[in-house]
file query.cif (mmCIF, C-alpha atoms)
data_work
loop_
_atom_site.label_atom_id
_atom_site.label_comp_id
_atom_site.auth_asym_id
_atom_site.auth_seq_id
_atom_site.Cartn_x
_atom_site.Cartn_y
_atom_site.Cartn_z
CA MET G 1 25.28 59.84 28.43
CA THR G 2 24.10 57.01 26.18
CA LEU G 3 25.62 55.39 23.09
CA THR G 4 23.64 55.11 19.90
CA ALA G 5 23.21 51.64 18.35
CA ASN G 6 25.75 52.42 15.63
CA GLN G 7 28.25 53.84 18.14
CA ALA G 8 27.92 50.75 20.30
CA ALA G 9 28.31 48.53 17.23
CA ASP G 10 31.45 50.40 16.17
CA PHE G 11 32.79 50.04 19.69
CA CYS G 12 32.15 46.28 19.54
CA VAL G 13 33.83 45.91 16.15
CA LEU G 14 36.95 47.55 17.51
CA ASN G 15 37.03 45.30 20.56
CA LEU G 16 36.10 42.22 18.53
CA SER G 17 39.08 42.78 16.21
CA MET G 18 41.35 43.14 19.21
CA ARG G 19 40.04 39.94 20.82
CA THR G 20 39.87 37.64 17.81
CA ASN G 21 42.42 34.85 17.63
CA HIS G 22 42.36 32.09 15.05
CA LEU G 23 41.98 28.33 15.16
CA ARG G 24 44.99 26.32 13.95
CA THR G 25 45.79 22.61 13.78
CA ILE G 26 48.98 20.66 13.15
CA ALA G 27 48.08 17.03 12.39
CA VAL G 28 50.49 14.09 12.29
CA THR G 29 48.44 11.06 11.27
CA HIS G 30 48.45 7.54 9.84
CA LYS G 31 47.61 8.94 6.41
CA VAL G 32 51.12 10.35 5.97
CA PHE G 33 53.41 8.99 8.69
CA PRO G 34 54.34 5.50 9.94
CA LEU G 35 53.17 4.67 13.46
CA GLU G 36 56.78 4.81 14.69
CA THR G 37 56.97 8.51 13.80
CA ILE G 38 53.62 9.23 15.42
CA GLY G 39 54.88 7.44 18.54
CA MET G 40 57.74 9.96 18.79
CA LEU G 41 55.16 12.70 19.42
CA HIS G 42 53.41 11.02 22.32
CA ILE G 43 54.03 12.84 25.61
CA ALA G 44 53.75 10.99 28.93
CA PRO G 45 50.88 12.41 31.03
CA GLU G 46 53.20 13.44 33.86
CA GLU G 47 55.35 15.51 31.45
CA ARG G 48 52.62 17.27 29.48
CA ASP G 49 51.86 20.25 31.70
CA ALA G 50 55.44 21.52 31.97
CA ARG G 51 56.22 21.00 28.29
CA ILE G 52 53.02 22.54 26.99
CA ARG G 53 53.31 25.57 29.25
CA SER G 54 56.89 26.07 28.06
CA LEU G 55 55.73 25.85 24.44
CA GLN G 56 52.92 28.35 24.99
CA SER G 57 55.32 30.81 26.61
CA GLU G 58 58.00 30.46 23.92
CA LEU G 59 55.68 30.77 20.91
CA GLN G 60 53.01 33.05 22.42
CA ILE G 61 50.22 30.48 22.04
CA ASN G 62 47.25 31.43 24.20
CA GLU G 63 45.20 28.23 23.94
CA LEU G 64 46.15 24.63 23.12
CA VAL G 65 44.62 21.14 23.20
CA TYR G 66 46.86 18.09 22.72
CA VAL G 67 45.20 15.02 21.17
CA SER G 68 47.20 11.79 21.18
CA THR G 69 45.92 8.39 20.00
CA CYS G 70 47.55 5.23 18.65
CA ASN G 71 47.50 6.51 15.05
CA ARG G 72 47.42 10.31 15.25
CA VAL G 73 48.68 13.32 17.17
CA GLU G 74 46.80 16.60 16.78
CA PHE G 75 47.96 19.97 18.13
CA VAL G 76 44.97 22.33 18.20
CA PHE G 77 45.71 25.92 19.19
CA THR G 78 44.93 29.59 18.60
CA LEU G 79 47.34 31.97 16.90
CA ASP G 80 47.05 35.31 15.13
CA HIS G 81 48.95 34.22 12.01
CA TYR G 82 48.88 31.25 9.65
CA VAL G 83 50.87 28.08 10.33
CA CYS G 84 53.57 27.47 7.71
CA PRO G 85 56.24 24.72 7.63
CA GLY G 86 58.67 27.09 9.33
CA PHE G 87 56.35 27.69 12.27
CA ALA G 88 55.52 23.97 12.43
CA SER G 89 59.25 23.27 12.72
CA ARG G 90 59.62 25.77 15.58
CA PHE G 91 56.54 24.32 17.26
CA ILE G 92 57.75 20.70 17.12
CA SER G 93 61.31 21.64 18.14
CA ALA G 94 60.03 23.55 21.17
CA LEU G 95 57.77 20.72 22.31
CA PHE G 96 60.13 17.85 21.44
CA PRO G 97 63.68 19.23 21.90
CA HIS G 98 65.15 15.71 21.92
CA LEU G 99 64.23 15.11 18.26
CA SER G 100 66.93 15.62 15.65
CA ALA G 101 66.73 18.49 13.17
CA THR G 102 66.26 15.96 10.36
CA VAL G 103 63.23 14.33 12.01
CA VAL G 104 61.73 17.70 12.92
CA GLY G 105 62.20 18.98 9.37
CA GLU G 106 60.54 15.93 7.84
CA ILE G 107 57.54 16.14 10.19
CA ALA G 108 57.18 19.90 9.64
CA GLN G 109 57.17 19.49 5.85
CA LYS G 110 54.81 16.50 5.68
CA CYS G 111 52.37 17.24 8.51
CA GLU G 112 48.91 18.55 7.68
CA ARG G 113 48.40 22.20 8.66
CA PHE G 114 44.92 23.67 8.93
CA ASN G 115 43.92 27.29 9.47
CA GLU G 116 40.62 28.87 10.54
CA SER G 117 37.55 27.22 8.96
CA GLU G 118 39.67 24.42 7.48
CA ALA G 119 40.90 23.63 10.98
CA LEU G 120 37.35 23.37 12.32
CA GLU G 121 36.23 21.20 9.40
CA HIS G 122 39.20 18.90 9.96
CA LEU G 123 38.44 18.55 13.68
CA LEU G 124 34.76 17.83 12.99
CA LYS G 125 35.82 15.02 10.64
CA VAL G 126 38.33 13.68 13.16
CA ALA G 127 35.80 13.54 16.01
CA SER G 128 33.23 11.97 13.67
CA SER G 129 35.78 9.28 12.65
CA LEU G 130 35.64 10.30 8.98
CA ASP G 131 39.41 10.75 9.17
CA SER G 132 40.06 7.52 11.10
CA MET G 133 41.72 4.32 9.92
CA VAL G 134 38.37 2.64 10.57
CA ILE G 135 35.50 4.91 9.55
CA GLY G 136 32.73 4.88 12.12
CA GLU G 137 34.77 3.84 15.15
CA ARG G 138 33.38 5.59 18.21
CA GLU G 139 36.48 5.65 20.40
CA ILE G 140 37.81 8.85 18.83
CA ILE G 141 34.99 11.04 20.18
CA THR G 142 35.86 9.94 23.72
CA GLN G 143 39.54 10.63 23.07
CA MET G 144 38.71 14.11 21.78
CA ARG G 145 36.55 14.85 24.83
CA LEU G 146 39.20 13.64 27.29
CA SER G 147 41.89 15.65 25.51
CA TYR G 148 39.89 18.84 25.94
CA GLU G 149 39.10 18.05 29.57
CA GLU G 150 42.82 17.64 30.27
CA ALA G 151 43.56 20.99 28.61
CA GLU G 152 40.76 22.71 30.52
CA LYS G 153 41.89 21.22 33.84
CA ASN G 154 45.45 22.44 33.31
CA ASN G 155 44.39 25.86 31.98
CA TRP G 156 46.07 25.32 28.60
CA CYS G 157 42.97 26.63 26.83
CA GLY G 158 40.23 29.18 27.25
CA ASP G 159 37.04 30.54 25.74
CA GLN G 160 37.86 30.06 22.06
CA LEU G 161 38.71 26.36 22.21
CA ARG G 162 35.85 25.83 24.65
CA LEU G 163 33.45 27.03 21.95
CA ALA G 164 35.21 24.97 19.28
CA TRP G 165 35.02 21.77 21.34
CA LYS G 166 31.39 22.39 22.21
CA GLN G 167 30.61 22.38 18.49
CA ILE G 168 32.98 19.46 17.75
CA LEU G 169 31.30 17.16 20.28
CA LYS G 170 27.78 18.30 19.34
CA THR G 171 28.31 17.68 15.62
CA SER G 172 30.04 14.32 16.03
CA LYS G 173 27.32 13.04 18.36
CA GLU G 174 24.72 14.11 15.80
CA ILE G 175 26.55 12.14 13.11
CA TYR G 176 26.77 8.98 15.22
CA THR G 177 23.09 9.31 16.18
CA HIS G 178 21.47 10.26 12.89
CA THR G 179 23.53 8.47 10.22
CA ASP G 180 24.51 4.87 9.46
CA LEU G 181 28.21 5.64 9.89
CA ALA G 182 28.71 3.43 12.95
CA LYS G 183 25.77 1.03 12.66
CA LYS G 184 27.61 -2.03 11.36
CA PRO G 185 30.75 -3.29 13.12
CA VAL G 186 34.04 -3.53 11.25
CA SER G 187 36.58 -4.44 13.95
CA VAL G 188 37.74 -8.07 14.19
CA ALA G 189 36.62 -8.49 17.80
CA SER G 190 33.19 -6.93 17.19
CA LEU G 191 32.52 -9.08 14.13
CA ALA G 192 33.75 -12.22 15.88
CA TRP G 193 31.46 -11.44 18.81
CA GLN G 194 28.56 -11.02 16.41
CA ARG G 195 29.29 -14.46 14.92
CA PHE G 196 29.46 -15.94 18.42
CA GLN G 197 26.10 -14.41 19.32
CA ASP G 198 24.57 -15.83 16.15
CA ALA G 199 25.27 -19.31 17.50
CA GLY G 200 22.78 -18.73 20.34
CA LEU G 201 24.79 -20.61 22.96
CA PRO G 202 23.40 -20.86 26.52
CA LYS G 203 25.14 -18.95 29.31
CA GLU G 204 26.58 -22.16 30.78
CA ALA G 205 28.33 -23.09 27.53
CA ARG G 206 31.93 -24.29 27.90
CA ILE G 207 34.20 -21.90 25.98
CA LEU G 208 37.94 -22.15 25.27
CA LEU G 209 39.92 -19.03 24.39
CA ILE G 210 43.31 -19.75 22.88
CA GLY G 211 45.82 -16.90 23.07
CA ALA G 212 46.19 -13.86 25.29
CA GLY G 213 46.56 -10.96 22.84
CA GLN G 214 44.31 -7.93 22.50
CA ILE G 215 41.67 -9.62 20.34
CA ILE G 216 41.25 -12.50 22.79
CA ARG G 217 41.18 -9.98 25.64
CA ASN G 218 38.35 -8.15 23.91
CA MET G 219 36.47 -11.41 23.32
CA HIS G 220 36.87 -12.38 26.98
CA LYS G 221 35.53 -8.98 28.00
CA PHE G 222 32.47 -9.44 25.77
CA LEU G 223 31.88 -12.92 27.23
CA PHE G 224 32.24 -11.70 30.81
CA GLU G 225 29.91 -8.72 30.30
CA ASN G 226 27.28 -11.05 28.82
CA ASP G 227 27.43 -13.57 31.70
CA TYR G 228 29.40 -16.33 29.95
CA LYS G 229 31.48 -17.46 32.93
CA ASN G 230 32.36 -21.05 31.99
CA VAL G 231 35.56 -19.99 30.19
CA VAL G 232 39.05 -21.47 29.98
CA VAL G 233 42.01 -19.39 28.79
CA VAL G 234 44.70 -21.42 27.00
CA ASN G 235 48.08 -19.88 26.26
CA ARG G 236 51.64 -20.88 25.49
CA SER G 237 53.13 -18.78 28.30
CA GLN G 238 51.99 -18.92 31.92
CA GLU G 239 52.38 -15.23 32.77
CA ARG G 240 50.15 -13.58 30.17
CA GLY G 241 47.55 -16.33 30.02
CA ALA G 242 47.14 -16.66 33.78
CA ALA G 243 46.90 -12.88 34.14
CA LEU G 244 44.08 -12.72 31.60
CA ALA G 245 42.21 -15.62 33.21
CA SER G 246 42.60 -14.05 36.65
CA GLN G 247 41.21 -10.72 35.41
CA PHE G 248 37.85 -12.34 34.62
CA GLY G 249 37.89 -15.20 37.13
CA SER G 250 38.36 -17.89 34.47
CA ASP G 251 40.31 -21.15 34.47
CA PHE G 252 43.73 -21.35 32.83
CA LEU G 253 45.59 -24.05 30.92
CA LEU G 254 48.99 -24.08 29.28
CA LEU G 255 48.84 -24.92 25.59
CA ASP G 256 50.94 -28.03 26.24
CA GLU G 257 48.22 -29.29 28.61
CA LEU G 258 45.48 -29.12 25.97
CA PRO G 259 45.87 -32.80 24.84
CA PHE G 260 44.77 -33.82 28.34
CA TYR G 261 41.71 -31.58 28.41
CA THR G 262 38.47 -33.60 28.89
CA GLU G 263 35.97 -31.06 30.27
CA GLY G 264 33.89 -30.73 27.12
CA LEU G 265 33.58 -27.97 24.56
CA ASP G 266 30.81 -25.81 23.09
CA ALA G 267 32.88 -23.02 21.55
CA LEU G 268 36.51 -22.50 20.62
CA ILE G 269 37.92 -19.04 19.82
CA SER G 270 41.57 -18.82 18.82
CA CYS G 271 43.96 -16.01 17.95
CA THR G 272 47.65 -16.65 18.47
CA ALA G 273 50.83 -15.43 16.76
CA SER G 274 51.84 -18.97 15.81
CA ASP G 275 53.17 -19.48 12.28
CA SER G 276 51.67 -22.98 12.13
CA VAL G 277 48.47 -24.82 13.06
CA VAL G 278 47.75 -24.89 16.80
CA ILE G 279 44.70 -27.20 16.81
CA GLY G 280 44.95 -30.20 14.51
CA PRO G 281 42.24 -32.84 13.78
CA GLU G 282 43.49 -35.39 16.34
CA LEU G 283 43.78 -32.81 19.13
CA PHE G 284 40.32 -31.48 18.32
CA ARG G 285 38.77 -34.99 18.47
CA SER G 286 40.52 -35.55 21.79
CA MET G 287 39.25 -32.27 23.21
CA THR G 288 35.67 -32.84 22.08
CA ASN G 289 35.72 -36.57 22.90
CA ASN G 290 33.97 -37.17 19.55
CA LEU G 291 30.98 -35.12 20.66
CA THR G 292 28.24 -34.82 18.06
CA HIS G 293 26.54 -31.64 19.23
CA SER G 294 27.25 -28.41 17.34
CA ILE G 295 30.52 -26.70 18.24
CA THR G 296 31.24 -23.06 17.36
CA VAL G 297 34.80 -22.53 16.13
CA ILE G 298 36.10 -19.01 15.44
CA ASP G 299 39.67 -18.72 14.14
CA LEU G 300 40.92 -15.12 14.18
CA ALA G 301 44.58 -15.86 13.46
CA LEU G 302 46.63 -15.24 10.31
CA PRO G 303 47.89 -17.78 9.40
CA ALA G 304 45.07 -19.95 10.72
CA ASP G 305 45.35 -21.65 14.12
CA ILE G 306 42.72 -24.28 13.28
CA HIS G 307 43.40 -27.07 10.77
CA SER G 308 41.24 -26.85 7.62
CA GLU G 309 39.89 -30.41 8.16
CA ILE G 310 38.17 -29.27 11.35
CA ALA G 311 36.19 -26.68 9.41
CA GLU G 312 34.71 -29.47 7.27
CA LEU G 313 33.36 -31.51 10.20
CA PRO G 314 29.54 -31.71 10.13
CA ASN G 315 29.11 -30.62 13.74
CA VAL G 316 31.40 -27.57 13.48
CA ARG G 317 30.10 -24.07 12.84
CA TYR G 318 33.28 -22.46 11.55
CA THR G 319 34.33 -18.84 10.98
CA ASP G 320 37.82 -17.75 9.91
CA MET G 321 39.52 -14.44 9.15
CA ASN G 322 38.60 -14.66 5.48
CA ARG G 323 34.93 -14.57 6.41
CA ILE G 324 35.51 -11.83 9.01
CA GLN G 325 37.33 -9.69 6.46
CA GLU G 326 34.57 -10.23 3.91
CA ILE G 327 31.93 -9.02 6.37
CA ALA G 328 34.14 -6.08 7.39
CA LYS G 329 34.56 -5.06 3.75
CA ASN G 330 30.79 -5.11 3.19
CA ASN G 331 30.18 -3.14 6.38
CA ILE G 332 32.80 -0.55 5.45
CA ALA G 333 31.05 -0.11 2.10
CA PHE G 334 27.75 0.30 3.96
CA ARG G 335 29.28 2.94 6.22
CA ALA G 336 30.74 4.77 3.26
CA GLN G 337 27.22 5.35 1.95
CA ALA G 338 26.58 7.52 5.02
CA ILE G 339 29.43 9.92 4.29
CA ALA G 340 27.27 12.27 2.20
CA ALA G 341 24.84 12.66 5.09
CA CYS G 342 27.79 13.22 7.45
CA GLU G 343 29.18 15.98 5.27
CA GLU G 344 25.83 17.79 5.35
CA ILE G 345 25.87 17.66 9.16
CA ILE G 346 29.46 18.90 9.24
CA GLU G 347 28.62 21.82 6.96
CA ARG G 348 25.70 22.71 9.22
CA GLY G 349 27.96 22.40 12.27
CA MET G 350 30.47 24.83 10.77
CA LYS G 351 27.72 27.42 10.19
CA GLU G 352 26.46 26.93 13.76
CA PHE G 353 29.95 27.45 15.11
CA GLU G 354 30.46 30.60 13.06
CA LYS G 355 27.25 32.07 14.43
CA MET G 356 28.05 30.97 17.98
CA GLN G 357 31.55 32.45 17.71
CA HIS G 358 30.27 35.80 16.44
CA GLU G 359 27.66 35.97 19.21
CA ARG G 360 30.30 35.20 21.83
CA HIS G 361 32.65 37.83 20.43
CA VAL G 362 29.85 40.39 20.57
CA GLU G 363 29.02 39.41 24.15
CA LEU G 364 32.65 39.77 25.22
CA ALA G 365 33.05 43.11 23.46
CA MET G 366 29.84 44.52 24.89
CA GLN G 367 30.77 43.56 28.43
CA GLU G 368 32.87 46.72 28.51
CA ILE G 369 30.06 49.09 27.54
CA PRO G 370 28.49 49.33 31.05
CA GLN G 371 31.88 50.36 32.47
CA VAL G 372 32.27 52.96 29.71
CA ILE G 373 28.86 54.41 30.59
CA LYS G 374 29.72 54.41 34.27
CA ASN G 375 32.92 56.31 33.50
CA ILE G 376 30.91 58.88 31.47
CA ARG G 377 28.53 59.35 34.39
CA GLU G 378 31.39 59.84 36.86
CA THR G 379 33.10 62.33 34.53
CA ALA G 380 29.86 64.27 34.12
CA ILE G 381 29.30 64.50 37.86
CA GLY G 382 32.90 64.97 38.90
CA SER G 383 34.06 67.55 36.36
CA VAL G 384 31.81 68.58 33.45
CA PHE G 385 28.78 69.57 35.54
CA ALA G 386 30.47 69.79 38.93
CA LYS G 387 29.86 73.55 39.39
CA ASP G 388 26.23 73.28 38.28
CA LEU G 389 25.62 70.47 40.73
CA GLU G 390 27.03 72.56 43.60
CA GLN G 391 24.14 74.98 43.16
CA LEU G 392 21.52 72.26 43.68
CA ASP G 393 20.04 71.63 47.10
CA GLU G 394 20.31 68.21 48.66
CA GLN G 395 16.83 67.07 47.62
CA SER G 396 17.30 68.15 43.98
CA ARG G 397 20.65 66.42 43.80
CA ALA G 398 19.16 63.20 45.22
CA VAL G 399 16.45 63.27 42.55
CA LEU G 400 19.04 63.84 39.81
CA ASP G 401 21.10 60.90 41.09
CA LYS G 402 18.03 58.66 40.92
CA VAL G 403 17.28 59.80 37.37
CA MET G 404 20.86 59.19 36.25
CA ALA G 405 20.96 55.76 37.90
CA TYR G 406 17.68 54.84 36.25
CA MET G 407 18.95 56.01 32.86
CA GLU G 408 22.17 54.06 33.31
CA LYS G 409 20.41 50.87 34.34
CA LYS G 410 17.44 50.89 31.98
CA TYR G 411 18.22 52.86 28.89
CA ILE G 412 21.72 51.56 28.16
CA SER G 413 20.24 48.07 27.58
CA VAL G 414 18.20 49.34 24.61
CA PRO G 415 21.10 50.60 22.43
CA MET G 416 23.20 47.61 23.53
CA LYS G 417 20.52 45.24 22.28
CA MET G 418 20.18 47.22 19.08
CA ALA G 419 23.95 47.30 18.60
CA LYS G 420 24.18 43.53 19.02
CA GLU G 421 21.47 43.03 16.40
CA VAL G 422 23.15 45.47 14.02
CA LEU G 423 26.54 43.82 14.43
CA LEU G 424 25.22 40.29 13.96
CA GLN G 425 23.29 41.40 10.88
CA GLU G 426 26.47 42.88 9.42
CA VAL G 427 28.37 39.69 10.17
CA SER G 428 25.69 37.53 8.54
CA LYS G 429 25.89 39.65 5.37
CA ASN G 430 29.59 38.95 5.13
#
call {"tool": "encode", "arguments": {"input": "query.cif", "output": "structure tokens"}}
result
Amino acid sequence: MTLTANQAADFCVLNLSMRTNHLRTIAVTHKVFPLETIGMLHIAPEERDARIRSLQSELQINELVYVSTCNRVEFVFTLDHYVCPGFASRFISALFPHLSATVVGEIAQKCERFNESEALEHLLKVASSLDSMVIGEREIITQMRLSYEEAEKNNWCGDQLRLAWKQILKTSKEIYTHTDLAKKPVSVASLAWQRFQDAGLPKEARILLIGAGQIIRNMHKFLFENDYKNVVVVNRSQERGAALASQFGSDFLLLDELPFYTEGLDALISCTASDSVVIGPELFRSMTNNLTHSITVIDLALPADIHSEIAELPNVRYTDMNRIQEIAKNNIAFRAQAIAACEEIIERGMKEFEKMQHERHVELAMQEIPQVIKNIRETAIGSVFAKDLEQLDEQSRAVLDKVMAYMEKKYISVPMKMAKEVLLQEVSKN
């Protein structure tokens, strides 16, 4: 009626081999492809479900997570065979039927393809930003989490990728928490904000933001979140500048109106796409009304928006992109020193995942053992010992039923526990 530990272990090995599917990744990233090519592989949110389900059906892919950022697209899935350029071509053609054969062939040949443990290691490095354009940027871990949540919500993935993502997020969080990888900023906006904070300006300081691009938007967001509300947005075009000012409740001026500005100035932050100087010495003197107090000037444009003479004025605390890039370079070097510690955490994360995966496989395989035992009991009662049981009186049969139920409930757990230990020990040896 019961299985021995070795019999149960053998049963689990058989089921484990039948259940096992393998982690695969096709990566199209900034390291190999121009951003225009990566952009071809972005799928609008409203189109993803239908296209991914069609792909899974056509190529027999059980689980898939689609990761799409500004500089990478990652297709993470399970499959029972390795991914070669030929399969990558079929994969991309199925998901992006509008692409030409030439484009598909080029992507399939040049894309990075990862299988099994290499796939997990790659994903751990991606989520930890070790594979990013800017090492240490934290946005990628959020993008990885949201990508999985979308896949889970739409039932594109199941138990195997759930386990993988659990380890991916755990390991990347450990890296961000316990290493210096993300401790010093390297983005232009973050470094500029740090320079602004160093000036120690009061919350009522009068601040002019010139431009309405992403960097100025980020700076305005930092100012707003830190209670700097006395802000004026200055831009060449009305539409973009006024929209940015309205978003944060700031004042707005057209660039052409700047010569008539007389409201005072404590800080000036500029980042436009102009190919020539935007703020010359005369305009600056007009704007500041020859004020003698210290004025913080941060020029984030290339070429510079602020005339070089302004930087030499005794009351100007000046920062330009050359200085920002110098700090970024030093900070990147500082972050690079943390990579060795990150790699140790990644190696440990891979071992944790392997153990977790084996334990889960054993759990899934052993879920069937109670049903097998139940079937044995029913066969014994219904056919093997049916005639013998007919000779028992009602009381004797009731006692036998209790004994069998007790044996089924209590004693099956012992060999199951032993079988799990035996199987995990065998796995650890390998």
call {"tool": "resolve_selection", "arguments": {"input": "query.cif", "expression": "the PyMOL selection byres ((chain G and resi 143-148) around 12)", "output": "PyMOL selection string"}}
result
chain G and resi 45+48+63-70+72-77+123-129+137-142+149-158+161-170+172-173
call {"tool": "residues_around", "arguments": {"input": "query.cif", "residues": "Glu354 of chain G", "least_positions_apart": "4", "cutoff": "12 Å", "atoms": "all atoms listed in the file", "output": "ChimeraX atom specification"}}
result
/G:23,116-117,120-121,160,163-164,167,347-350,358-361,424,427-428,430
call {"tool": "axis_aligned_box", "arguments": {"input": "query.cif", "around": "segment 67-74 of chain G", "padding_each_side": "5 Å", "output": "JSON"}}
result
{"center_x": 46.9, "center_y": 10.9, "center_z": 18.1, "size_x": 13.5, "size_y": 21.4, "size_z": 16.1}
call {"tool": "resolve_selection", "arguments": {"input": "query.cif", "expression": "the PyMOL selection byres ((chain G and resi 280-286) around 10)", "output": "list in words"}}
result
Leu258, Pro259, Phe260, Tyr261, Thr262, Gly264, Leu265, Val277, Val278, Ile279, Met287, Thr288, Asn289, Asn290, Leu291, Asp305, Ile306, His307, Ser308, Glu309, Ile310, Ala311 and Leu313 of chain G
call {"tool": "resolve_selection", "arguments": {"input": "query.cif", "expression": "the PyMOL selection byres ((chain G and resi 111) around 9)", "output": "list in words"}}
result
Ile26, Ala27, Val28, Thr29, Val32, Phe33, Pro85, Ala88, Glu106, Ile107, Ala108, Gln109, Lys110, Glu112 and Arg113 of chain G
call {"tool": "atom_distance", "arguments": {"input": "query.cif", "atom1": "atom CA of Ile61 of chain G", "atom2": "atom CA of Leu79 of chain G"}}
result
6.1 Å
call {"tool": "residues_near_point", "arguments": {"input": "query.cif", "point": "(40.3, -22.4, 22.6)", "cutoff": "6 Å", "atoms": "all atoms listed in the file", "output": "PyMOL selection string"}}
result
chain G and resi 208-210+268-270
call {"tool": "write_last_selection", "arguments": {"input": "query.cif", "atoms": "C-alpha atoms", "output": "compact mmCIF listing (two decimals), in the coordinates of the input"}}
result
# COMPACT_ATOMS: atom_id res chain seq x y z
CA LEU G 208 37.94 -22.15 25.27
CA LEU G 209 39.92 -19.03 24.39
CA ILE G 210 43.31 -19.75 22.88
CA LEU G 268 36.51 -22.50 20.62
CA ILE G 269 37.92 -19.04 19.82
CA SER G 270 41.57 -18.82 18.82
call {"tool": "residues_around", "arguments": {"input": "query.cif", "residues": "His81 of chain G", "least_positions_apart": "3", "cutoff": "12 Å", "atoms": "only C-alpha atoms", "output": "list in words"}}
result
Thr20, Asn21, His22, Leu23, Arg24, Leu59, Gln60, Ile61, Phe77, Thr78, Cys84, Phe87, Phe114, Asn115 and Glu116 of chain G
call {"tool": "atom_distance", "arguments": {"input": "query.cif", "atom1": "atom CA of His293 of chain G", "atom2": "atom CA of Leu253 of chain G"}}
result
23.6 Å
call {"tool": "atom_distance", "arguments": {"input": "query.cif", "atom1": "atom CA of Gly241 of chain G", "atom2": "atom CA of Lys229 of chain G"}}
result
16.4 Å
call {"tool": "closest_residue", "arguments": {"input": "query.cif", "among": "G:Val186, G:Ile38, G:Leu400, G:Leu201", "to": "Gln325 of chain G", "atoms": "all atoms listed in the file"}}
result
G:Val186
call {"tool": "decode", "arguments": {"input": "query.cif", "residues": "segment 370-395 of chain G", "atoms": "C-alpha atoms", "output": "JSON list (two decimals), in the first residue's frame"}}
result
[["chain", "number", "residue", "atom", "x", "y", "z"],
["G", 370, "PRO", "CA", -1.39, 10.88, -2.71],
["G", 371, "GLN", "CA", -3.65, 10.19, -5.70],
["G", 372, "VAL", "CA", -1.54, 7.17, -6.64],
["G", 373, "ILE", "CA", -1.90, 5.80, -3.10],
["G", 374, "LYS", "CA", -5.63, 6.46, -3.16],
["G", 375, "ASN", "CA", -5.90, 4.53, -6.42],
["G", 376, "ILE", "CA", -3.96, 1.61, -4.86],
["G", 377, "ARG", "CA", -6.34, 1.58, -1.90],
["G", 378, "GLU", "CA", -9.41, 1.60, -4.16],
["G", 379, "THR", "CA", -7.96, -1.21, -6.29],
["G", 380, "ALA", "CA", -7.22, -3.28, -3.20],
["G", 381, "ILE", "CA", -10.74, -2.87, -1.84],
["G", 382, "GLY", "CA", -12.58, -3.06, -5.13],
["G", 383, "SER", "CA", -10.84, -6.01, -6.78],
["G", 384, "VAL", "CA", -7.74, -7.58, -5.19],
["G", 385, "PHE", "CA", -9.27, -8.27, -1.77],
["G", 386, "ALA", "CA", -12.92, -7.87, -2.69],
["G", 387, "LYS", "CA", -13.89, -11.51, -1.94],
["G", 388, "ASP", "CA", -12.00, -11.52, 1.36],
["G", 389, "LEU", "CA", -13.74, -8.35, 2.44],
["G", 390, "GLU", "CA", -17.17, -9.87, 1.71],
["G", 391, "GLN", "CA", -16.54, -12.40, 4.47],
["G", 392, "LEU", "CA", -16.01, -9.70, 7.10],
["G", 393, "ASP", "CA", -18.87, -8.53, 9.28],
["G", 394, "GLU", "CA", -19.85, -4.89, 9.30],
["G", 395, "GLN", "CA", -17.90, -4.03, 12.46]]
